[in-house]
Amino acid sequence: MNAPVWSALREHRHLLVPAALVAILLAVAAVRVPQLFTGSGLAGAVLVAAPLILAAMAITPIALAGRGGVDLSIGPAIGFVNVTLVTWLVSLGVEHPLAVFAYAVLAGCLWQAALAALIVYVRISPIIASLAGFMILQGVNLVILPRPGGIAPDWLSDWGYGTTLFGPVLGVLIAAFVLWFGFTRTALFAHLQLVGADERTAYTAGIDVNAVRFAAHLVAGVLLGLAAICQTGLIGSGDPSQGNTLTLQAITALVLGGTSLAGGRGGASGSVLGAIAMYLVFVVLSSFNFGAVSGFMTQMSYGLILVLSLLLSLVVGRGRGRGADSASVSRTPRSAVPNVAGAAP
Amino acid sequence: MTAATNLLSLVGVQKRFGETRALVDACLEAVAGEVHAVVGENGSGKSTLAKIVSGVLTAGTGVVRVCGVCPTTPRAAIDAGVATIYQEMMLAEELSVLDNLYAGVDGFWRRREPLATRRRVAAELLERLVAAPLDPDTRVGDLPLGIRQWVVIARALLRKPKLLIFDESSAALDLDATERLHREIQALKSRGTCVLLVTHRIAELVRIADRATVLRDGATVGRLDRHEITEARLLELMSASVQAGGERRTRHVAHPSRKPLLAMHDATLQGGSAPVDFRIDTGEIVGVAGLDGAGQDVFVRALAGIRPPLAGRVELTDSVSGVHDVDSVEQAEAAGITYVSGDRRREGLFPNLSIVENFGLALMDRHTGRAGIIDRDARQGDFDRAAERLRLRFGDARDRITTLSGGNQQKVLIARAFARGPRVIVLNDPARGVDIGTKRELYAHLREFASSGGAVVYLSSEIEEFFGFADRVDVFAGGTLFDTLRDDGIDEGPLLAAMFGTRPGVDDVGRVGADRVGEALGR
């Protein structure tokens, strides 16, 4: 039938479950929390969800590159940029938006470069290296800023009012999407998928596997910086520990979005959908009155939804094996086959 | 010949992997516009040599010049004009054919040409190679083995190499496809490409090689020109222990009291194909042949209980306990049917485990004591006996199985199969990537097994394997059992004719078909 559409659908098969999940949650939210769909409701949603969306995007290229690449340090790294921004930068009087953006992105990249050096060149397992990074930054953040405090530059604090939908936070998100889209059009992205899918194939095809992995971390660094800016805008100050929870949430969003932790399969659009789904779960659950245990309910729901969505993608993924795809190959490739048909009894 | 005209020049190359000396003194020279074969038994170092030329490995000592450089990475070799088709079929299964074809062609950031151009070029090339349309957006993991092989070949051709290396790469191709491949090789040759054919398929290289370099135990032992390349000469050089000549093993004496052992009744293997009836008796060795995808693969899997037939039944007859149904691996196991696959990577090995662990897995129940603890001494004892019997060559039994050569890996799997004390052994192309010495040992062991009352079902993609070995050969075509050949019928002509779906002397159209195949084989 319509070949390009089918192949596009097949290519984005992993988005099916997260997209359906978001659709269902939106429907539930429309009933339970109609105020979400007003101008200020959406503005608030974008403001609150942005750090998680960007964090989930940030760890996507690392996971795509394979070898079990999962960045546990993402949360504290966002926290690190947040606390250094409100302490060091503000005390130095550096408040210009360009300088702040430049600092955040640079700090993110530097951190990822350090991590990548350990993982790619020293060949420490990613989970160990980033776990060590998690603990180190957790401590460093508390040394820099022992308790929540400090004040973000005025322009950034103003983001936190979240009065209009088409504000700077949405601008940052869109900029991140555009950046990511551009990135997926590069040869580097193709190499990234190849390295993640089969490292030996990539190496023997002449791809510099180490450089590709390193570049994946740098892309993560840029997105990490943007996530930190949005996080700072959201809380308007510094918080040494709030970033920590982002690690597990971002990984959950990544997996919800259909990206394989084994590498090669998935993409940022899945992670974004995953993050949005998590935010909607939070919003919907807040509309029930669970009182003091509402936080636990949210956590538990994340876990349940994660497991259910993985089960569901298994069922959906079933269809892809022998049936649909191999149909695109003609099964009568040999010139001898007519002979067989003609002479067989 | 001077160094200037040599596209490839390796002198006195050595390579060690720990204690193993893969190459001792390898020399190889090849010029543009020739098909140069590198021949040797498994473990003779020819794959190592190919990997050094491709830049995957670097030589320990010795001089390596490939298209004017000494490559230390695959990138360097590729840039110098080398394209390699690896034995391991380097493909990212999650990605599309197109992604795999153009892997590594681009710069770090930018694509060299638009995707639309690539899709068109790829589709044309694949259609020519596969002789059927193939959508370049298909996921490689969904393709059958034979087609994947073409994807790898297409990738190499797209690079327009000066030096093209085939490392045992026609193994997964059927006859017709091999013929197409040979046409491609001729075309490359006429364009001045040097084609390096690393192989142990002697019949193939006798046909198409211009020159050959023979390796034995990591050293170059001979260089042959076109007129010197004969089967006898190659065998003589390759292995001092193997007798030269197309000698046929003596036919064994039929087992005096044959009893029905395993049978398949009214079994449908593929939708729409005629039902299959099959029987094997004690003491029998039955060869199974067919073109790619003609149903023989499905058949042996059904026999071994791995994937029961769509309809019909498989039964094992026991002289004491009667008839048992076989429609699962558990039942096959209980009935004493063992399956050995030639696709070791997928269906045989646990690459992360040691040699002795790979061997002992099938015997876990016997080696496990009452408290669930493995009796390592008993396992080691069994392994030592098996290793001795099969003349397994290895460094330390605790080394990873992947440190062994392909032939020795296969021996471990055979040892594992024998150790269960089976009644029927079903082998699915076990000699894939195995050298001729190991093959002969394998035949001897299987013959011995059969004459002690067992039965052997042996699928092979190389029909030479059946000569003097199989009691009868069941040939599959069009998804069903097409013909059974015995005695003098077990020869190249009749077998090929049956594989192509014709019975010699039955109809003239069939004759033409068989002759065409004969021509393709250069006979």
# chains A, B, ... in the order shown; residues from 1 in each chain; ligands from 1
call {"tool": "select_by_dssp", "arguments": {"residues": "stretch 242-355 of chain B", "states": "alpha helix (DSSP H)", "output": "list in words"}}
result
Gln296, Asp297, Val298, Phe299, Val300, Arg301, Ala302, Leu303, Val329, Glu330, Gln331, Ala332, Glu333, Ala334, Ala335, Arg344, Arg345, Arg346, Glu347 and Ile355 of chain B
call {"tool": "write_last_selection", "arguments": {"atoms": "N, CA and C atoms", "output": "PDB file, in the first residue's frame"}}
result
ATOM      1  N   GLN B 296      14.629 -28.024   4.140  1.00  0.00           N
ATOM      2  CA  GLN B 296      15.457 -28.990   4.864  1.00  0.00           C
ATOM      3  C   GLN B 296      15.783 -28.518   6.277  1.00  0.00           C
ATOM      4  N   ASP B 297      15.916 -27.209   6.414  1.00  0.00           N
ATOM      5  CA  ASP B 297      16.234 -26.636   7.714  1.00  0.00           C
ATOM      6  C   ASP B 297      15.049 -26.811   8.672  1.00  0.00           C
ATOM      7  N   VAL B 298      13.861 -26.521   8.164  1.00  0.00           N
ATOM      8  CA  VAL B 298      12.639 -26.692   8.949  1.00  0.00           C
ATOM      9  C   VAL B 298      12.484 -28.166   9.327  1.00  0.00           C
ATOM     10  N   PHE B 299      12.847 -29.028   8.399  1.00  0.00           N
ATOM     11  CA  PHE B 299      12.707 -30.460   8.609  1.00  0.00           C
ATOM     12  C   PHE B 299      13.571 -30.948   9.773  1.00  0.00           C
ATOM     13  N   VAL B 300      14.852 -30.606   9.777  1.00  0.00           N
ATOM     14  CA  VAL B 300      15.702 -31.123  10.856  1.00  0.00           C
ATOM     15  C   VAL B 300      15.295 -30.524  12.200  1.00  0.00           C
ATOM     16  N   ARG B 301      14.833 -29.293  12.195  1.00  0.00           N
ATOM     17  CA  ARG B 301      14.350 -28.701  13.448  1.00  0.00           C
ATOM     18  C   ARG B 301      13.119 -29.432  13.955  1.00  0.00           C
ATOM     19  N   ALA B 302      12.251 -29.811  13.030  1.00  0.00           N
ATOM     20  CA  ALA B 302      11.051 -30.545  13.430  1.00  0.00           C
ATOM     21  C   ALA B 302      11.438 -31.909  13.995  1.00  0.00           C
ATOM     22  N   LEU B 303      12.393 -32.557  13.356  1.00  0.00           N
ATOM     23  CA  LEU B 303      12.842 -33.866  13.831  1.00  0.00           C
ATOM     24  C   LEU B 303      13.390 -33.780  15.252  1.00  0.00           C
ATOM     25  N   VAL B 329      11.271 -29.901  22.685  1.00  0.00           N
ATOM     26  CA  VAL B 329      12.673 -30.209  22.945  1.00  0.00           C
ATOM     27  C   VAL B 329      12.780 -31.148  24.144  1.00  0.00           C
ATOM     28  N   GLU B 330      11.908 -30.962  25.120  1.00  0.00           N
ATOM     29  CA  GLU B 330      11.948 -31.819  26.309  1.00  0.00           C
ATOM     30  C   GLU B 330      11.704 -33.270  25.917  1.00  0.00           C
ATOM     31  N   GLN B 331      10.683 -33.473  25.086  1.00  0.00           N
ATOM     32  CA  GLN B 331      10.377 -34.844  24.679  1.00  0.00           C
ATOM     33  C   GLN B 331      11.506 -35.422  23.835  1.00  0.00           C
ATOM     34  N   ALA B 332      12.070 -34.583  22.975  1.00  0.00           N
ATOM     35  CA  ALA B 332      13.184 -35.044  22.153  1.00  0.00           C
ATOM     36  C   ALA B 332      14.341 -35.462  23.052  1.00  0.00           C
ATOM     37  N   GLU B 333      14.589 -34.657  24.040  1.00  0.00           N
ATOM     38  CA  GLU B 333      15.669 -34.920  24.988  1.00  0.00           C
ATOM     39  C   GLU B 333      15.404 -36.235  25.722  1.00  0.00           C
ATOM     40  N   ALA B 334      14.174 -36.402  26.206  1.00  0.00           N
ATOM     41  CA  ALA B 334      13.817 -37.620  26.928  1.00  0.00           C
ATOM     42  C   ALA B 334      13.924 -38.837  26.012  1.00  0.00           C
ATOM     43  N   ALA B 335      13.619 -38.633  24.736  1.00  0.00           N
ATOM     44  CA  ALA B 335      13.656 -39.741  23.796  1.00  0.00           C
ATOM     45  C   ALA B 335      15.072 -40.016  23.293  1.00  0.00           C
ATOM     46  N   ARG B 344      27.012 -21.792  15.311  1.00  0.00           N
ATOM     47  CA  ARG B 344      27.463 -21.910  16.700  1.00  0.00           C
ATOM     48  C   ARG B 344      27.139 -20.678  17.516  1.00  0.00           C
ATOM     49  N   ARG B 345      27.248 -19.529  16.869  1.00  0.00           N
ATOM     50  CA  ARG B 345      27.036 -18.293  17.613  1.00  0.00           C
ATOM     51  C   ARG B 345      25.618 -18.191  18.146  1.00  0.00           C
ATOM     52  N   ARG B 346      24.649 -18.660  17.366  1.00  0.00           N
ATOM     53  CA  ARG B 346      23.263 -18.527  17.786  1.00  0.00           C
ATOM     54  C   ARG B 346      22.739 -19.742  18.511  1.00  0.00           C
ATOM     55  N   GLU B 347      23.167 -20.912  18.088  1.00  0.00           N
ATOM     56  CA  GLU B 347      22.493 -22.109  18.564  1.00  0.00           C
ATOM     57  C   GLU B 347      23.414 -23.089  19.280  1.00  0.00           C
ATOM     58  N   ILE B 355      35.514 -23.470  28.098  1.00  0.00           N
ATOM     59  CA  ILE B 355      35.392 -24.661  27.262  1.00  0.00           C
ATOM     60  C   ILE B 355      34.708 -25.771  28.047  1.00  0.00           C
TER      61      ILE B 355
END
call {"tool": "residues_around", "arguments": {"residues": "stretch 37-52 of chain B", "least_positions_apart": "5", "cutoff": "6 Å", "atoms": "only C-alpha atoms", "output": "compact mmCIF listing (two decimals) with N, CA and C atoms, in the first residue's frame"}}
result
# COMPACT_ATOMS: atom_id res chain seq x y z
N ALA B 22 49.25 -17.49 16.31
CA ALA B 22 48.33 -17.59 15.16
C ALA B 22 49.11 -17.55 13.85
N LEU B 23 50.07 -16.67 13.78
CA LEU B 23 50.89 -16.57 12.58
C LEU B 23 52.36 -16.66 12.99
N LEU B 57 43.44 -6.23 13.20
CA LEU B 57 44.54 -6.64 14.06
C LEU B 57 45.81 -6.02 13.50
N THR B 58 46.80 -5.84 14.36
CA THR B 58 48.07 -5.39 13.84
C THR B 58 49.10 -6.49 14.02
N LEU B 196 40.80 -10.92 -2.76
CA LEU B 196 41.47 -11.88 -1.89
C LEU B 196 40.41 -12.82 -1.33
N LEU B 197 40.56 -14.09 -1.63
CA LEU B 197 39.54 -15.06 -1.28
C LEU B 197 40.09 -15.94 -0.17
N VAL B 198 39.63 -15.71 1.05
CA VAL B 198 40.12 -16.52 2.16
C VAL B 198 39.13 -17.65 2.35
N THR B 199 39.56 -18.87 2.14
CA THR B 199 38.56 -19.94 2.07
C THR B 199 39.17 -21.30 2.38
N HIS B 200 38.29 -22.24 2.73
CA HIS B 200 38.73 -23.63 2.67
C HIS B 200 37.81 -24.43 1.77
N ALA B 209 40.16 -19.02 -8.73
CA ALA B 209 41.37 -18.32 -8.29
C ALA B 209 42.43 -18.28 -9.38
N ALA B 212 47.14 -18.78 -5.67
CA ALA B 212 46.76 -19.16 -4.33
C ALA B 212 47.97 -19.17 -3.41
N THR B 213 47.75 -18.76 -2.17
CA THR B 213 48.78 -18.86 -1.15
C THR B 213 48.26 -19.83 -0.09
N VAL B 214 49.07 -20.82 0.23
CA VAL B 214 48.61 -21.85 1.15
C VAL B 214 49.28 -21.67 2.51
N LEU B 215 48.47 -21.68 3.55
CA LEU B 215 48.98 -21.53 4.91
C LEU B 215 48.84 -22.85 5.66
N ARG B 216 49.82 -23.13 6.48
CA ARG B 216 49.69 -24.25 7.40
C ARG B 216 50.33 -23.86 8.71
N ASP B 217 49.59 -24.00 9.79
CA ASP B 217 50.07 -23.66 11.14
C ASP B 217 50.72 -22.28 11.19
N GLY B 218 50.10 -21.31 10.55
CA GLY B 218 50.56 -19.94 10.66
C GLY B 218 51.71 -19.57 9.76
N MET B 238 48.12 -28.22 2.29
CA MET B 238 47.40 -27.73 3.47
C MET B 238 47.64 -28.57 4.70
N SER B 405 39.48 -22.22 17.79
CA SER B 405 39.13 -22.01 16.38
C SER B 405 37.75 -22.62 16.13
N ASP B 435 37.45 -27.15 9.22
CA ASP B 435 38.44 -27.59 8.24
C ASP B 435 38.27 -29.07 7.91
call {"tool": "residues_around", "arguments": {"residues": "A:Ser130", "least_positions_apart": "5", "cutoff": "6 Å", "atoms": "only C-alpha atoms", "output": "JSON, numbers by chain"}}
result
{"A": [71, 72, 73]}
call {"tool": "residues_around", "arguments": {"residues": "stretch 56-58 of chain A", "least_positions_apart": "5", "cutoff": "10 Å", "atoms": "only C-alpha atoms", "output": "PDB file with N, CA and C atoms, in the first residue's frame"}}
result
ATOM      1  N   ALA A  50       9.507  20.897  32.233  1.00  0.00           N
ATOM      2  CA  ALA A  50      10.676  21.137  31.381  1.00  0.00           C
ATOM      3  C   ALA A  50      11.967  20.485  31.881  1.00  0.00           C
ATOM      4  N   PRO A  51      12.314  20.635  33.184  1.00  0.00           N
ATOM      5  CA  PRO A  51      13.584  20.022  33.602  1.00  0.00           C
ATOM      6  C   PRO A  51      13.625  18.513  33.362  1.00  0.00           C
ATOM      7  N   ALA A  63      22.341   6.517  26.137  1.00  0.00           N
ATOM      8  CA  ALA A  63      21.753   5.172  26.087  1.00  0.00           C
ATOM      9  C   ALA A  63      21.818   4.614  24.670  1.00  0.00           C
ATOM     10  N   ASP A  71      23.243   7.182  32.300  1.00  0.00           N
ATOM     11  CA  ASP A  71      23.924   8.195  33.093  1.00  0.00           C
ATOM     12  C   ASP A  71      23.181   8.438  34.401  1.00  0.00           C
ATOM     13  N   ILE A  74      23.016  12.266  36.088  1.00  0.00           N
ATOM     14  CA  ILE A  74      22.343  13.399  35.440  1.00  0.00           C
ATOM     15  C   ILE A  74      21.671  14.327  36.454  1.00  0.00           C
ATOM     16  N   ALA A 176      15.638  23.135  22.189  1.00  0.00           N
ATOM     17  CA  ALA A 176      16.221  21.804  22.395  1.00  0.00           C
ATOM     18  C   ALA A 176      15.713  20.811  21.352  1.00  0.00           C
ATOM     19  N   PHE A 177      14.398  20.885  21.048  1.00  0.00           N
ATOM     20  CA  PHE A 177      13.846  19.981  20.032  1.00  0.00           C
ATOM     21  C   PHE A 177      14.503  20.228  18.677  1.00  0.00           C
ATOM     22  N   TRP A 180      17.925  18.878  18.635  1.00  0.00           N
ATOM     23  CA  TRP A 180      17.901  17.419  18.543  1.00  0.00           C
ATOM     24  C   TRP A 180      17.552  16.973  17.126  1.00  0.00           C
ATOM     25  N   ALA A 216      28.445  11.678  21.886  1.00  0.00           N
ATOM     26  CA  ALA A 216      27.123  11.443  22.479  1.00  0.00           C
ATOM     27  C   ALA A 216      27.059  12.089  23.867  1.00  0.00           C
ATOM     28  N   HIS A 217      28.143  11.976  24.608  1.00  0.00           N
ATOM     29  CA  HIS A 217      28.170  12.588  25.935  1.00  0.00           C
ATOM     30  C   HIS A 217      28.136  14.110  25.847  1.00  0.00           C
ATOM     31  N   LEU A 218      28.801  14.663  24.835  1.00  0.00           N
ATOM     32  CA  LEU A 218      28.792  16.118  24.696  1.00  0.00           C
ATOM     33  C   LEU A 218      27.391  16.630  24.363  1.00  0.00           C
ATOM     34  N   VAL A 219      26.692  15.906  23.506  1.00  0.00           N
ATOM     35  CA  VAL A 219      25.308  16.284  23.205  1.00  0.00           C
ATOM     36  C   VAL A 219      24.507  16.256  24.498  1.00  0.00           C
ATOM     37  N   ALA A 220      24.735  15.210  25.289  1.00  0.00           N
ATOM     38  CA  ALA A 220      24.061  15.121  26.584  1.00  0.00           C
ATOM     39  C   ALA A 220      24.402  16.323  27.444  1.00  0.00           C
ATOM     40  N   GLY A 221      25.651  16.771  27.373  1.00  0.00           N
ATOM     41  CA  GLY A 221      26.091  17.906  28.182  1.00  0.00           C
ATOM     42  C   GLY A 221      25.322  19.174  27.846  1.00  0.00           C
ATOM     43  N   VAL A 222      25.102  19.413  26.549  1.00  0.00           N
ATOM     44  CA  VAL A 222      24.361  20.604  26.129  1.00  0.00           C
ATOM     45  C   VAL A 222      22.953  20.566  26.713  1.00  0.00           C
ATOM     46  N   LEU A 223      22.288  19.418  26.565  1.00  0.00           N
ATOM     47  CA  LEU A 223      20.912  19.297  27.047  1.00  0.00           C
ATOM     48  C   LEU A 223      20.863  19.374  28.570  1.00  0.00           C
ATOM     49  N   LEU A 224      21.895  18.839  29.203  1.00  0.00           N
ATOM     50  CA  LEU A 224      22.000  18.918  30.659  1.00  0.00           C
ATOM     51  C   LEU A 224      22.020  20.388  31.109  1.00  0.00           C
ATOM     52  N   GLY A 225      22.805  21.204  30.410  1.00  0.00           N
ATOM     53  CA  GLY A 225      22.889  22.617  30.750  1.00  0.00           C
ATOM     54  C   GLY A 225      21.535  23.298  30.628  1.00  0.00           C
ATOM     55  N   LEU A 226      20.815  22.983  29.540  1.00  0.00           N
ATOM     56  CA  LEU A 226      19.498  23.587  29.345  1.00  0.00           C
ATOM     57  C   LEU A 226      18.530  23.126  30.448  1.00  0.00           C
ATOM     58  N   ALA A 227      18.631  21.856  30.814  1.00  0.00           N
ATOM     59  CA  ALA A 227      17.775  21.337  31.890  1.00  0.00           C
ATOM     60  C   ALA A 227      18.045  22.088  33.186  1.00  0.00           C
ATOM     61  N   LEU A 246      15.850  13.705  39.987  1.00  0.00           N
ATOM     62  CA  LEU A 246      15.698  13.716  38.524  1.00  0.00           C
ATOM     63  C   LEU A 246      16.338  12.501  37.865  1.00  0.00           C
ATOM     64  N   THR A 247      17.397  11.950  38.494  1.00  0.00           N
ATOM     65  CA  THR A 247      18.085  10.813  37.873  1.00  0.00           C
ATOM     66  C   THR A 247      17.119   9.677  37.590  1.00  0.00           C
ATOM     67  N   LEU A 248      16.456   9.205  38.644  1.00  0.00           N
ATOM     68  CA  LEU A 248      15.593   8.038  38.458  1.00  0.00           C
ATOM     69  C   LEU A 248      14.395   8.380  37.584  1.00  0.00           C
ATOM     70  N   GLN A 249      13.889   9.629  37.727  1.00  0.00           N
ATOM     71  CA  GLN A 249      12.755  10.010  36.889  1.00  0.00           C
ATOM     72  C   GLN A 249      13.140  10.048  35.413  1.00  0.00           C
ATOM     73  N   ALA A 250      14.332  10.583  35.153  1.00  0.00           N
ATOM     74  CA  ALA A 250      14.759  10.682  33.752  1.00  0.00           C
ATOM     75  C   ALA A 250      14.942   9.294  33.152  1.00  0.00           C
ATOM     76  N   ILE A 251      15.517   8.384  33.925  1.00  0.00           N
ATOM     77  CA  ILE A 251      15.712   7.024  33.399  1.00  0.00           C
ATOM     78  C   ILE A 251      14.355   6.368  33.174  1.00  0.00           C
ATOM     79  N   THR A 252      13.428   6.599  34.097  1.00  0.00           N
ATOM     80  CA  THR A 252      12.080   6.049  33.912  1.00  0.00           C
ATOM     81  C   THR A 252      11.454   6.597  32.632  1.00  0.00           C
ATOM     82  N   ALA A 253      11.583   7.899  32.431  1.00  0.00           N
ATOM     83  CA  ALA A 253      11.011   8.512  31.231  1.00  0.00           C
ATOM     84  C   ALA A 253      11.645   7.932  29.974  1.00  0.00           C
ATOM     85  N   LEU A 254      12.956   7.736  30.029  1.00  0.00           N
ATOM     86  CA  LEU A 254      13.679   7.180  28.886  1.00  0.00           C
ATOM     87  C   LEU A 254      13.135   5.803  28.525  1.00  0.00           C
ATOM     88  N   VAL A 255      12.985   4.962  29.546  1.00  0.00           N
ATOM     89  CA  VAL A 255      12.529   3.593  29.292  1.00  0.00           C
ATOM     90  C   VAL A 255      11.064   3.593  28.860  1.00  0.00           C
ATOM     91  N   GLY A 257       9.715   5.757  27.186  1.00  0.00           N
ATOM     92  CA  GLY A 257       9.707   6.250  25.811  1.00  0.00           C
ATOM     93  C   GLY A 257      10.209   5.248  24.799  1.00  0.00           C
ATOM     94  N   GLY A 267      14.861   7.024  20.745  1.00  0.00           N
ATOM     95  CA  GLY A 267      15.154   8.387  20.349  1.00  0.00           C
ATOM     96  C   GLY A 267      14.596   9.362  21.349  1.00  0.00           C
ATOM     97  N   ALA A 268      14.903  10.639  21.142  1.00  0.00           N
ATOM     98  CA  ALA A 268      14.523  11.646  22.120  1.00  0.00           C
ATOM     99  C   ALA A 268      13.016  11.866  22.144  1.00  0.00           C
ATOM    100  N   SER A 269      12.344  11.665  21.003  1.00  0.00           N
ATOM    101  CA  SER A 269      10.898  11.906  21.025  1.00  0.00           C
ATOM    102  C   SER A 269      10.233  10.966  22.023  1.00  0.00           C
ATOM    103  N   GLY A 270      10.732   9.731  22.103  1.00  0.00           N
ATOM    104  CA  GLY A 270      10.209   8.791  23.087  1.00  0.00           C
ATOM    105  C   GLY A 270      10.439   9.287  24.498  1.00  0.00           C
ATOM    106  N   SER A 271      11.650   9.777  24.755  1.00  0.00           N
ATOM    107  CA  SER A 271      11.967  10.257  26.094  1.00  0.00           C
ATOM    108  C   SER A 271      11.071  11.429  26.479  1.00  0.00           C
ATOM    109  N   VAL A 272      10.817  12.308  25.495  1.00  0.00           N
ATOM    110  CA  VAL A 272       9.949  13.457  25.769  1.00  0.00           C
ATOM    111  C   VAL A 272       8.549  12.977  26.122  1.00  0.00           C
ATOM    112  N   LEU A 273       8.028  12.049  25.332  1.00  0.00           N
ATOM    113  CA  LEU A 273       6.706  11.496  25.622  1.00  0.00           C
ATOM    114  C   LEU A 273       6.693  10.848  26.997  1.00  0.00           C
ATOM    115  N   GLY A 274       7.758  10.113  27.301  1.00  0.00           N
ATOM    116  CA  GLY A 274       7.856   9.455  28.606  1.00  0.00           C
ATOM    117  C   GLY A 274       7.804  10.476  29.725  1.00  0.00           C
ATOM    118  N   ALA A 275       8.549  11.571  29.561  1.00  0.00           N
ATOM    119  CA  ALA A 275       8.580  12.601  30.593  1.00  0.00           C
ATOM    120  C   ALA A 275       7.212  13.261  30.746  1.00  0.00           C
TER     121      ALA A 275
END
call {"tool": "interface_residues", "arguments": {"of": "chain B", "to": "chain A", "cutoff": "7 Å", "atoms": "only C-alpha atoms", "output": "compact mmCIF listing (two decimals) with C-alpha atoms, in the first residue's frame"}}
result
# COMPACT_ATOMS: atom_id res chain seq x y z
CA VAL B 56 41.41 -5.03 12.65
CA PRO B 74 39.93 -0.54 9.97
CA ARG B 75 39.56 3.13 9.07
CA ILE B 78 39.31 1.44 4.28
CA MET B 90 29.21 -7.72 10.65
CA LEU B 91 25.66 -6.36 10.58
CA ALA B 92 23.64 -4.26 13.00
CA GLU B 94 18.34 -3.55 14.65
CA ALA B 103 27.95 2.30 7.62
CA GLY B 104 31.14 4.28 7.93
CA ASP B 106 30.15 9.35 5.92
CA GLY B 107 32.38 11.87 7.61
CA PHE B 108 31.95 12.51 11.29
CA TRP B 109 29.12 15.02 10.88
CA ARG B 110 28.06 15.23 7.29
CA ARG B 111 26.53 12.71 4.93
CA VAL B 130 19.91 -10.95 -4.77
CA ALA B 131 18.14 -11.36 -8.12
CA ALA B 132 14.93 -10.17 -6.46
CA PRO B 133 13.75 -6.78 -5.24
CA LEU B 134 14.70 -5.98 -1.68
CA ASP B 135 13.45 -2.92 0.18
CA THR B 138 13.95 -3.57 5.75
CA ASP B 142 14.21 -9.77 9.64
CA LEU B 143 16.17 -11.08 6.67
CA ALA B 477 12.76 -28.92 -2.77
CA GLY B 478 9.79 -26.59 -2.54
CA PHE B 500 16.91 -28.08 -8.37
CA GLY B 501 13.73 -30.07 -8.43
CA THR B 502 14.39 -32.38 -11.37
call {"tool": "closest_residue", "arguments": {"among": "B:Gln87, B:Ala116, B:Val320, B:Glu29", "to": "B:Gly406", "atoms": "only C-alpha atoms"}}
result
B:Gln87
call {"tool": "atom_distance", "arguments": {"atom1": "atom CA of A:Ala132", "atom2": "atom CA of A:Ile119"}}
result
11.7 Å
